[in-house]
file protein23.txt (compact mmCIF, C-alpha atoms and all ligand atoms)
# COMPACT_ATOMS: atom_id res chain seq x y z
CA MET Q 120 13.18 16.61 -20.44
CA LYS Q 121 10.98 19.14 -22.15
CA VAL Q 122 7.22 19.16 -21.42
CA GLN Q 123 5.24 19.29 -24.64
CA LYS Q 124 1.72 18.21 -23.84
CA ILE Q 125 -0.31 17.08 -20.83
CA GLY Q 126 -3.69 15.36 -20.82
CA VAL Q 127 -5.99 13.17 -18.77
CA ARG Q 128 -8.26 10.34 -19.81
CA PRO Q 129 -10.72 8.33 -17.71
CA VAL Q 130 -9.86 4.69 -17.11
CA PHE Q 131 -11.39 2.08 -14.80
CA ASP Q 132 -9.79 0.60 -11.73
CA SER Q 133 -10.07 -3.01 -10.52
CA ARG Q 134 -13.40 -2.21 -8.82
CA GLY Q 135 -14.74 -0.88 -12.13
CA LYS Q 136 -14.71 2.67 -10.77
CA GLU Q 137 -13.50 5.58 -12.85
CA THR Q 138 -10.04 6.85 -12.17
CA ILE Q 139 -7.54 8.70 -14.36
CA GLU Q 140 -4.64 8.07 -16.66
CA VAL Q 141 -2.34 11.05 -17.07
CA VAL Q 142 -0.79 11.33 -20.51
CA PHE Q 143 2.40 13.28 -20.87
CA ARG Q 144 4.34 14.04 -24.03
CA ALA Q 145 8.08 14.75 -23.79
CA LYS Q 146 10.44 12.95 -26.25
CA ARG Q 147 7.59 10.49 -26.69
CA ILE Q 148 4.34 9.77 -24.86
CA PHE Q 149 4.44 8.54 -21.28
CA SER Q 150 1.54 7.89 -18.97
CA ALA Q 151 0.55 6.83 -15.47
CA LYS Q 152 -2.66 5.32 -14.11
CA ILE Q 153 -3.70 6.21 -10.58
CA PRO Q 154 -5.25 3.72 -8.12
CA SER Q 155 -7.85 4.54 -5.50
CA GLY Q 156 -8.40 3.58 -1.88
CA ALA Q 157 -11.62 2.58 -0.09
CA SER Q 158 -10.32 3.04 3.46
CA ARG Q 159 -8.65 6.41 3.19
CA GLY Q 160 -6.87 8.43 5.86
CA THR Q 161 -8.14 11.98 6.42
CA GLY Q 162 -4.72 13.41 5.52
CA GLU Q 163 -4.63 11.87 2.04
CA ALA Q 164 -4.23 13.99 -1.08
CA SER Q 165 -7.44 14.96 -2.86
CA VAL Q 166 -8.88 12.91 -5.70
CA PHE Q 167 -10.33 14.79 -8.68
CA THR Q 168 -13.01 13.26 -10.90
CA PRO Q 169 -11.83 12.58 -14.47
CA ALA Q 170 -13.68 15.72 -15.67
CA ALA Q 171 -12.11 17.95 -13.01
CA ALA Q 172 -8.73 16.29 -13.58
CA LYS Q 173 -8.94 17.08 -17.30
CA LYS Q 174 -9.49 20.76 -16.57
CA SER Q 175 -6.68 20.76 -14.02
CA ALA Q 176 -4.31 19.14 -16.53
CA GLU Q 177 -5.12 21.89 -19.06
CA LYS Q 178 -4.18 24.54 -16.51
CA VAL Q 179 -0.96 22.76 -15.56
CA GLN Q 180 -0.12 22.45 -19.24
CA GLU Q 181 -0.46 26.21 -19.69
CA LYS Q 182 2.15 26.72 -16.96
CA LEU Q 183 4.60 23.95 -17.81
CA ARG Q 184 4.52 23.62 -21.60
CA GLY Q 185 7.93 24.21 -23.14
CA LYS Q 186 9.73 24.05 -19.80
CA GLU Q 187 12.84 21.89 -19.39
CA PHE Q 188 13.52 19.76 -16.30
CA CYS Q 189 16.73 17.93 -15.44
CA SER Q 190 15.52 15.98 -12.44
CA LEU Q 191 12.32 14.63 -10.98
CA ARG Q 192 12.71 16.75 -7.88
CA GLU Q 193 12.89 19.84 -10.06
CA PHE Q 194 9.73 18.80 -11.92
CA ASP Q 195 7.83 18.01 -8.70
CA LEU Q 196 8.88 21.33 -7.19
CA ALA Q 197 7.29 23.04 -10.19
CA LEU Q 198 4.06 21.15 -9.43
CA LEU Q 199 4.28 22.11 -5.77
CA ALA Q 200 4.75 25.73 -6.79
CA LEU Q 201 1.35 25.47 -8.51
CA ASP Q 202 -0.24 23.86 -5.46
CA SER Q 203 1.39 23.96 -2.06
CA SER Q 204 -1.72 22.84 -0.14
CA SER Q 205 -1.09 19.68 1.89
CA ARG Q 206 -3.93 17.77 0.19
CA LYS Q 207 -3.33 19.22 -3.30
CA GLU Q 208 -6.81 20.64 -3.53
CA LYS Q 209 -5.88 23.04 -6.34
CA ILE Q 210 -4.52 20.66 -8.93
CA GLY Q 211 -5.73 17.34 -7.50
CA GLY Q 212 -3.53 14.73 -5.78
CA ASN Q 213 -4.29 12.18 -8.48
CA VAL Q 214 -3.38 14.63 -11.28
CA ALA Q 215 -0.16 15.62 -9.51
CA LEU Q 216 0.86 12.01 -8.96
CA GLY Q 217 0.08 11.00 -12.54
CA LEU Q 218 2.24 13.85 -13.80
CA SER Q 219 5.02 13.03 -11.38
CA ILE Q 220 5.14 9.34 -12.31
CA ALA Q 221 4.89 10.06 -16.03
CA ALA Q 222 7.73 12.59 -15.67
CA ALA Q 223 9.81 9.96 -13.84
CA ARG Q 224 9.24 7.63 -16.81
CA ALA Q 225 10.16 10.36 -19.29
CA LEU Q 226 13.36 11.24 -17.43
CA ALA Q 227 14.31 7.56 -17.12
CA PHE Q 228 13.74 7.06 -20.84
CA GLU Q 229 16.00 10.00 -21.71
CA LYS Q 230 18.74 8.53 -19.53
CA ASN Q 231 18.18 5.05 -20.91
CA GLN Q 232 17.28 3.84 -17.42
CA GLU Q 233 14.53 1.84 -15.79
CA PRO Q 234 12.30 4.04 -13.57
CA TRP Q 235 13.68 2.30 -10.45
CA GLU Q 236 17.23 3.17 -11.54
CA LEU Q 237 16.30 6.82 -11.93
CA LEU Q 238 14.68 6.88 -8.45
CA SER Q 239 17.59 5.03 -6.98
CA GLU Q 240 20.14 7.47 -8.42
CA GLU Q 241 18.19 10.59 -7.52
CA PHE Q 242 16.74 9.74 -4.11
CA PHE Q 243 18.37 6.60 -2.68
CA PRO Q 244 21.96 6.48 -3.96
CA LYS Q 245 23.33 4.50 -1.02
CA VAL Q 246 20.51 2.02 -0.65
CA LYS Q 247 21.12 -1.65 -1.34
CA ALA Q 248 17.79 -3.30 -2.12
CA PRO Q 249 17.27 -6.55 -0.21
CA LEU Q 250 14.37 -8.73 -1.30
CA PRO Q 251 11.24 -7.40 0.43
CA LEU Q 252 8.82 -9.46 2.50
CA LEU Q 253 5.67 -10.14 0.46
CA PHE Q 254 2.51 -9.09 2.32
CA SER Q 255 -0.37 -10.83 0.60
CA ASN Q 256 -3.95 -10.20 1.65
CA VAL Q 257 -5.73 -13.55 1.38
CA ILE Q 258 -8.82 -12.99 3.55
CA ASN Q 259 -10.60 -9.69 2.97
CA GLY Q 260 -12.92 -7.97 5.44
CA GLY Q 261 -13.81 -4.43 6.52
CA ALA Q 262 -14.32 -1.94 3.70
CA HIS Q 263 -12.95 -4.41 1.13
CA ALA Q 264 -15.57 -7.14 1.45
CA ARG Q 265 -19.18 -7.78 2.25
CA SER Q 266 -18.44 -10.19 5.08
CA ASN Q 267 -18.89 -9.85 8.85
CA LEU Q 268 -15.16 -9.35 9.52
CA ASP Q 269 -14.30 -5.98 11.06
CA LEU Q 270 -10.58 -6.37 10.36
CA GLN Q 271 -9.78 -5.46 6.78
CA GLU Q 272 -6.84 -7.66 5.80
CA TYR Q 273 -5.47 -11.04 6.87
CA MET Q 274 -2.14 -11.55 5.17
CA PHE Q 275 0.32 -14.32 4.49
CA VAL Q 276 3.81 -12.83 4.62
CA ALA Q 277 6.40 -14.66 2.54
CA ASP Q 278 10.09 -14.19 3.26
CA PRO Q 279 11.86 -14.69 -0.07
CA SER Q 280 15.26 -15.19 1.60
CA GLY Q 281 17.14 -15.19 -1.67
CA ASP Q 282 14.51 -16.89 -3.81
CA LEU Q 283 11.79 -14.51 -4.96
CA LEU Q 284 10.43 -16.81 -7.64
CA GLY Q 285 10.18 -19.68 -5.15
CA ALA Q 286 8.44 -17.42 -2.62
CA VAL Q 287 5.82 -16.27 -5.16
CA ARG Q 288 5.26 -19.91 -6.19
CA GLN Q 289 4.75 -20.94 -2.57
CA LEU Q 290 2.46 -17.99 -1.95
CA ILE Q 291 0.25 -18.97 -4.88
CA SER Q 292 0.16 -22.54 -3.69
CA LEU Q 293 -0.77 -21.54 -0.09
CA TYR Q 294 -3.48 -19.20 -1.37
CA ARG Q 295 -4.96 -22.05 -3.43
CA GLU Q 296 -4.65 -24.42 -0.50
CA LEU Q 297 -6.59 -21.95 1.62
CA GLY Q 298 -9.29 -21.73 -1.07
CA ALA Q 299 -9.56 -25.52 -1.30
CA LEU Q 300 -9.85 -25.85 2.46
CA LEU Q 301 -12.52 -23.16 2.71
CA LYS Q 302 -14.52 -24.76 -0.10
CA LYS Q 303 -14.36 -28.11 1.65
CA GLU Q 304 -15.28 -26.72 5.07
CA ARG Q 305 -18.14 -24.59 3.74
CA ARG Q 306 -19.27 -27.22 1.21
CA VAL Q 307 -19.28 -24.77 -1.69
CA THR Q 308 -17.75 -24.87 -5.14
CA LEU Q 309 -17.10 -21.14 -5.49
CA LEU Q 310 -15.81 -18.59 -3.00
CA PRO Q 311 -16.63 -14.88 -2.95
CA ARG Q 312 -13.60 -12.61 -3.09
CA GLY Q 313 -12.99 -9.10 -1.82
CA ASP Q 314 -11.49 -6.09 -3.57
CA GLU Q 315 -7.89 -7.31 -3.22
CA GLY Q 316 -8.56 -10.88 -4.33
CA GLY Q 317 -8.70 -12.45 -0.86
CA TYR Q 318 -11.55 -14.75 0.13
CA ALA Q 319 -14.49 -12.86 1.59
CA LEU Q 320 -16.55 -15.00 3.94
CA ASP Q 321 -18.23 -14.71 7.32
CA PHE Q 322 -16.34 -16.12 10.31
CA SER Q 323 -17.44 -16.70 13.88
CA ASN Q 324 -15.15 -13.88 15.07
CA ASN Q 325 -12.18 -11.74 13.97
CA LEU Q 326 -9.61 -14.16 15.39
CA GLU Q 327 -10.76 -17.26 13.54
CA PRO Q 328 -9.23 -16.38 10.12
CA LEU Q 329 -5.83 -15.86 11.76
CA GLU Q 330 -5.99 -19.26 13.42
CA LEU Q 331 -6.93 -20.79 10.10
CA LEU Q 332 -4.00 -19.16 8.27
CA GLN Q 333 -1.60 -20.30 10.97
CA ARG Q 334 -2.92 -23.86 10.72
CA ILE Q 335 -2.35 -23.95 6.97
CA VAL Q 336 1.18 -22.59 7.19
CA GLU Q 337 2.05 -25.10 9.90
CA GLU Q 338 0.45 -28.06 8.17
CA LYS Q 339 2.53 -27.29 5.09
CA GLY Q 340 5.67 -27.05 7.23
CA LEU Q 341 6.31 -23.47 6.05
CA GLY Q 342 6.58 -21.81 9.46
CA ARG Q 343 10.17 -20.74 8.72
CA THR Q 344 9.45 -18.77 5.58
CA PHE Q 345 5.86 -17.70 6.13
CA SER Q 346 4.38 -15.53 8.84
CA LEU Q 347 1.14 -13.55 9.24
CA ALA Q 348 0.10 -9.92 9.32
CA LEU Q 349 -3.08 -7.92 9.83
CA ASP Q 350 -4.33 -4.61 8.55
CA ALA Q 351 -7.11 -3.71 10.95
CA ALA Q 352 -7.86 -0.37 9.20
CA ALA Q 353 -9.46 0.47 12.55
CA SER Q 354 -10.57 4.00 11.55
CA GLN Q 355 -13.30 2.20 9.61
CA PHE Q 356 -14.94 0.69 12.68
CA PHE Q 357 -14.31 3.55 15.12
CA ARG Q 358 -17.54 5.21 16.28
CA LYS Q 359 -17.58 8.07 18.79
CA GLY Q 360 -14.58 6.91 20.78
CA ARG Q 361 -15.41 3.18 20.69
CA TYR Q 362 -14.67 0.34 18.29
CA SER Q 363 -17.57 -1.59 16.82
CA PHE Q 364 -15.78 -4.93 16.91
CA ASP Q 365 -16.88 -8.57 17.14
CA GLY Q 366 -20.49 -7.54 17.66
CA ALA Q 367 -20.01 -5.05 20.52
CA LEU Q 368 -18.66 -1.56 21.21
CA ARG Q 369 -15.12 -1.93 22.59
CA THR Q 370 -12.69 0.47 24.21
CA SER Q 371 -9.17 1.06 22.87
CA GLN Q 372 -7.90 -1.02 25.80
CA GLU Q 373 -10.13 -3.94 24.83
CA LEU Q 374 -8.90 -3.79 21.25
CA HIS Q 375 -5.31 -3.58 22.53
CA GLU Q 376 -5.97 -6.77 24.51
CA PHE Q 377 -7.48 -8.46 21.46
CA TYR Q 378 -4.23 -7.92 19.52
CA LEU Q 379 -2.11 -9.20 22.40
CA HIS Q 380 -4.34 -12.24 22.73
CA ALA Q 381 -4.14 -12.79 18.95
CA ALA Q 382 -0.32 -12.59 19.01
CA GLU Q 383 -0.19 -15.04 21.90
CA ASN Q 384 -2.52 -17.56 20.25
CA VAL Q 385 -1.17 -17.10 16.75
CA PRO Q 386 2.60 -16.82 17.20
CA LEU Q 387 3.12 -16.40 13.45
CA LEU Q 388 1.40 -12.98 13.66
CA PHE Q 389 4.17 -10.37 13.69
CA SER Q 390 2.71 -7.21 12.16
CA VAL Q 391 -0.44 -5.15 12.73
CA GLU Q 392 -1.26 -2.14 10.57
CA ASP Q 393 -3.60 0.65 11.73
CA PRO Q 394 -4.56 -1.25 14.91
CA PHE Q 395 -6.41 1.86 16.09
CA ALA Q 396 -8.20 4.79 14.46
CA GLU Q 397 -5.91 7.55 13.25
CA GLN Q 398 -7.13 9.99 15.94
CA ASP Q 399 -6.67 7.45 18.76
CA ARG Q 400 -3.00 8.32 19.15
CA GLU Q 401 -2.64 7.35 22.81
CA ALA Q 402 -3.85 3.85 21.99
CA PHE Q 403 -1.06 3.57 19.38
CA ARG Q 404 1.47 4.80 21.94
CA ALA Q 405 0.40 2.27 24.59
CA PHE Q 406 0.36 -0.58 22.07
CA LEU Q 407 3.78 0.23 20.63
CA LYS Q 408 5.20 0.37 24.14
CA LYS Q 409 3.77 -3.04 24.95
CA ALA Q 410 4.24 -4.88 21.66
CA GLY Q 411 6.78 -2.86 19.69
CA LYS Q 412 9.78 -5.00 20.62
CA SER Q 413 8.37 -8.15 19.07
CA MET Q 414 5.92 -6.80 16.51
CA TRP Q 415 5.71 -4.36 13.66
CA VAL Q 416 3.13 -1.71 14.56
CA VAL Q 417 2.43 -0.05 11.24
CA GLY Q 418 0.81 3.30 10.40
CA ASP Q 419 -1.22 3.81 7.24
CA ASP Q 420 -4.21 6.18 7.77
CA LEU Q 421 -2.20 7.56 10.69
CA THR Q 422 0.77 8.69 8.61
CA ALA Q 423 -0.67 8.92 5.06
CA THR Q 424 2.80 8.98 3.39
CA HIS Q 425 3.45 12.55 4.63
CA ALA Q 426 6.96 13.13 6.04
CA GLU Q 427 5.60 15.43 8.74
CA GLU Q 428 2.98 12.94 9.91
CA ILE Q 429 5.65 10.23 10.00
CA ARG Q 430 7.84 12.47 12.15
CA ASN Q 431 4.84 13.07 14.44
CA ALA Q 432 4.21 9.34 14.67
CA ARG Q 433 7.48 8.72 16.48
CA GLY Q 434 6.63 6.67 19.58
CA LEU Q 435 3.33 5.56 18.01
CA VAL Q 436 4.49 3.13 15.31
CA ASN Q 437 7.67 1.35 14.26
CA GLY Q 438 6.65 0.91 10.63
CA VAL Q 439 4.77 2.78 7.92
CA ILE Q 440 2.83 2.03 4.78
CA ILE Q 441 3.94 4.02 1.76
CA LYS Q 442 1.32 4.79 -0.91
CA PRO Q 443 2.33 7.55 -3.35
CA ASN Q 444 -1.25 8.66 -4.00
CA GLN Q 445 -1.68 9.53 -0.33
CA VAL Q 446 0.70 12.47 -0.82
CA GLY Q 447 0.62 13.24 -4.53
CA THR Q 448 4.17 13.43 -5.89
CA VAL Q 449 7.04 10.98 -6.14
CA THR Q 450 9.44 13.44 -4.51
CA GLU Q 451 7.24 13.84 -1.43
CA THR Q 452 6.83 10.05 -1.29
CA CYS Q 453 10.62 9.73 -1.24
CA GLU Q 454 10.81 12.37 1.49
CA ALA Q 455 8.31 10.34 3.52
CA LEU Q 456 10.50 7.27 3.01
CA GLU Q 457 13.57 9.19 4.08
CA GLU Q 458 11.82 10.41 7.22
CA ALA Q 459 10.66 6.88 8.08
CA ARG Q 460 14.25 5.65 7.78
CA LYS Q 461 15.45 8.53 9.97
CA GLN Q 462 12.97 7.41 12.63
CA GLY Q 463 14.20 3.80 12.33
CA MET Q 464 10.84 2.63 10.99
CA LYS Q 465 10.17 -0.32 8.68
CA VAL Q 466 8.72 0.65 5.31
CA ILE Q 467 6.11 -1.29 3.36
CA VAL Q 468 5.32 -0.01 -0.13
CA SER Q 469 1.67 -0.71 -0.87
CA HIS Q 470 -0.93 -0.93 -3.60
CA ARG Q 471 -4.50 0.39 -3.12
CA SER Q 472 -7.69 -1.64 -2.97
CA GLY Q 473 -8.83 -0.15 -6.29
CA GLU Q 474 -5.80 -0.89 -8.49
CA THR Q 475 -4.75 -0.37 -12.10
CA SER Q 476 -2.17 -2.07 -14.28
CA ASP Q 477 0.36 0.63 -13.38
CA GLN Q 478 3.46 -0.99 -11.85
CA PHE Q 479 5.25 2.11 -10.56
CA ILE Q 480 5.09 1.14 -6.88
CA VAL Q 481 7.23 -1.91 -7.58
CA HIS Q 482 9.96 0.36 -8.96
CA LEU Q 483 9.66 2.57 -5.90
CA ALA Q 484 10.04 -0.47 -3.61
CA ARG Q 485 13.16 -1.60 -5.45
CA ALA Q 486 14.74 1.85 -5.38
CA CYS Q 487 14.11 2.60 -1.70
CA GLY Q 488 15.00 -0.90 -0.46
CA ALA Q 489 11.55 -1.47 1.04
CA ASP Q 490 11.32 -3.96 3.90
CA GLY Q 491 8.01 -5.17 2.54
CA VAL Q 492 5.60 -4.83 -0.37
CA LYS Q 493 1.85 -5.19 -0.04
CA LEU Q 494 0.37 -6.34 -3.33
CA GLY Q 495 -2.86 -8.21 -2.53
CA ALA Q 496 -3.70 -11.85 -3.16
CA PRO Q 497 -1.56 -13.61 -5.78
CA ALA Q 498 -4.39 -13.76 -8.30
CA GLY Q 499 -6.28 -11.80 -10.94
CA GLU Q 500 -5.18 -8.25 -11.73
CA ARG Q 501 -2.82 -8.20 -8.70
CA MET Q 502 -0.58 -10.77 -10.41
CA GLY Q 503 0.87 -8.04 -12.66
CA LYS Q 504 2.68 -6.49 -9.72
CA TYR Q 505 4.17 -9.81 -8.61
CA ASN Q 506 5.43 -10.31 -12.15
CA GLU Q 507 6.95 -6.83 -12.25
CA LEU Q 508 8.56 -7.54 -8.89
CA LEU Q 509 10.18 -10.65 -10.35
CA ARG Q 510 11.41 -8.59 -13.26
CA VAL Q 511 12.88 -5.60 -11.42
CA TYR Q 512 14.44 -7.58 -8.59
CA THR Q 513 16.14 -10.02 -10.88
CA VAL Q 514 17.70 -7.66 -13.43
C1 LIG O 601 -4.96 -0.34 3.05
O1 LIG O 601 -5.74 0.13 3.89
O2 LIG O 601 -3.81 -0.60 3.37
C2 LIG O 601 -5.40 -0.55 1.66
C3 LIG O 601 -4.57 -1.02 0.73
O3 LIG O 601 -6.69 -0.25 1.37
P1 LIG O 601 -7.19 1.07 0.65
O4 LIG O 601 -6.48 1.18 -0.65
O5 LIG O 601 -8.67 0.85 0.52
O6 LIG O 601 -6.84 2.19 1.58
MG MG O 602 -4.04 -0.04 5.49

call {"tool": "encode", "arguments": {"input": "protein23.txt", "output": "structure tokens"}}
result
Amino acid sequence: MKVQKIGVRPVFDSRGKETIEVVFRAKRIFSAKIPSGASRGTGEASVFTPAAAKKSAEKVQEKLRGKEFCSLREFDLALLALDSSSRKEKIGGNVALGLSIAAARALAFEKNQEPWELLSEEFFPKVKAPLPLLFSNVINGGAHARSNLDLQEYMFVADPSGDLLGAVRQLISLYRELGALLKKERRVTLLPRGDEGGYALDFSNNLEPLELLQRIVEEKGLGRTFSLALDAAASQFFRKGRYSFDGALRTSQELHEFYLHAAENVPLLFSVEDPFAEQDREAFRAFLKKAGKSMWVVGDDLTATHAEEIRNARGLVNGVIIKPNQVGTVTETCEALEEARKQGMKVIVSHRSGETSDQFIVHLARACGADGVKLGAPAGERMGKYNELLRVYTV
């Protein structure tokens, strides 16, 4: 693959905020749109504004124009040679990722492959891809909604067990069921929604939505194929060593007890992401020790898709979220995945709260054999990723 031209144009994400599309000419034009997060870990790759990204792309073009690359790793190493900082402050994490994904598409095209096939061959040759669990955020709180919920995401988790289409159908029907029930209970005809398409309402406390989700799953008799998960995104409500939670300042121990109480009262709850703030490492350690046998304790802000942070999170989590724009190249994302596997951790490939129509993460999930994918509520702009999932897992 020979690099001919590189450019950047501004596009809008699902929140209507400006992000970038990287345009890359090799044999033909390829591009990649980059999503953006609202609850970001401190270790995440930098995000350049469209104007700064445009300038950065011009500089990268000066260095790479006319160069030939035979593999994605080789291309990404050339990017890393231009910027070896951990947060990609020189060329911009979003610029680097756009280039890396567009290059993956260009290389796949030249080999007459789907992007997931290229990733599979280059990074995960031995991986068989089982159908992933579908983590679907149906009640939004925290930084993704204007409700009183401190916890950011309440998720239905569908186990496709051989029938992905059926699982997506059931997910859509449960999500609608939840909407109908909330409308009836609140005596309203419309429901506000958060950034990821989940319902965004006030509740009497942070446990109530979980109890409601469990009730719906049980009433529908779906307790065998559906379970529940949380993303607390606890860094967002951590203030000076305490958690501002359910109307009071709580200690790590109190929050730890809340999760145990939640798991006891809501047996369908099996996974909690970022239960504590990223700097509250001892709280992660104590919680994993207590709950790690029966639950997934998942790092997101804590690990930020960096292989080294994942290695350092041994003993703190037994699962990680993988978001390519937290690190900035596809190769480093694959290294993070490899490290997670080495540590025996579950991997969940995830969207961001500010999304675009770019479907690359679905290809990544397929190639790496992700245990789960986190794609938001089955509605609106998020539906594109469910449809791509159906396509790449059934070819
Ligand atoms: C998350 O925290 O897992 C998430 C998807 O939200 P954001 O993109 O805002 O980080
Ligand atoms: Mg998260």

call {"tool": "closest_residue", "arguments": {"input": "protein23.txt", "among": "Q:Tyr512, Q:Phe149, Q:Tyr318, Q:Phe345", "to": "Q:Lys302", "atoms": "only C-alpha atoms"}}
result
Q:Tyr318

call {"tool": "closest_residue", "arguments": {"input": "protein23.txt", "among": "Q:Ala215, Q:Leu421, Q:Leu253, Q:Ala197", "to": "ligand MG 602 (chain O)", "atoms": "only C-alpha atoms and all ligand atoms"}}
result
Q:Leu421

call {"tool": "residues_near_ligand", "arguments": {"input": "protein23.txt", "ligand": "ligand LIG 601 (chain O)", "cutoff": "6 Å", "atoms": "only C-alpha atoms and all ligand atoms", "output": "ChimeraX atom specification"}}
result
/Q:156-159,352,470-472

call {"tool": "closest_atom_pairs", "arguments": {"input": "protein23.txt", "of": "chain Q", "to": "ligand MG 602 (chain O)", "cutoff": "9 Å", "atoms": "only C-alpha atoms and all ligand atoms", "output": "CSV"}}
result
residue,atom,partner,partner_atom,distance
Q:Ser158,CA,O:MG602,MG,7.3
Q:Arg159,CA,O:MG602,MG,8.3
Q:Gly160,CA,O:MG602,MG,8.9
Q:Gln271,CA,O:MG602,MG,8.0
Q:Glu272,CA,O:MG602,MG,8.1
Q:Asp350,CA,O:MG602,MG,5.5
Q:Ala351,CA,O:MG602,MG,7.3
Q:Ala352,CA,O:MG602,MG,5.3
Q:Ala353,CA,O:MG602,MG,8.9
Q:Glu392,CA,O:MG602,MG,6.2
Q:Asp393,CA,O:MG602,MG,6.3
Q:Val417,CA,O:MG602,MG,8.7
Q:Gly418,CA,O:MG602,MG,7.7
Q:Asp419,CA,O:MG602,MG,5.1
Q:Asp420,CA,O:MG602,MG,6.6
Q:Ile440,CA,O:MG602,MG,7.2
Q:Ser469,CA,O:MG602,MG,8.6
Q:Arg471,CA,O:MG602,MG,8.6

call {"tool": "atom_distance", "arguments": {"input": "protein23.txt", "atom1": "atom CA of Q:Ala381", "atom2": "atom CA of Q:Lys465"}}
result
21.6 Å

call {"tool": "atom_distance", "arguments": {"input": "protein23.txt", "atom1": "atom CA of Q:Ala262", "atom2": "atom CA of Q:Gly317"}}
result
12.8 Å

call {"tool": "closest_residue", "arguments": {"input": "protein23.txt", "among": "Q:Leu435, Q:Val214, Q:Leu374, Q:Ser205", "to": "Q:Lys178", "atoms": "only C-alpha atoms"}}
result
Q:Val214

call {"tool": "atom_distance", "arguments": {"input": "protein23.txt", "atom1": "atom CA of Q:Lys136", "atom2": "atom CA of Q:Glu500"}}
result
14.5 Å

call {"tool": "closest_residue", "arguments": {"input": "protein23.txt", "among": "Q:Ala264, Q:Ile153, Q:Leu283, Q:Arg433", "to": "Q:Pro249", "atoms": "all atoms listed in the file"}}
result
Q:Leu283

call {"tool": "axis_aligned_box", "arguments": {"input": "protein23.txt", "around": "stretch 492-502 of chain Q", "padding_each_side": "5 Å", "output": "AutoDock Vina command-line options"}}
result
--center_x -0.3 --center_y -9.3 --center_z -5.9 --size_x 21.9 --size_y 18.9 --size_z 21.7

call {"tool": "closest_residue", "arguments": {"input": "protein23.txt", "among": "Q:Thr168, Q:Gln445, Q:Ser292, Q:Asn259", "to": "Q:Leu320", "atoms": "all atoms listed in the file"}}
result
Q:Asn259

call {"tool": "closest_residue", "arguments": {"input": "protein23.txt", "among": "Q:Glu233, Q:Glu451, Q:Glu315, Q:Val276", "to": "Q:Arg192", "atoms": "all atoms listed in the file"}}
result
Q:Glu451
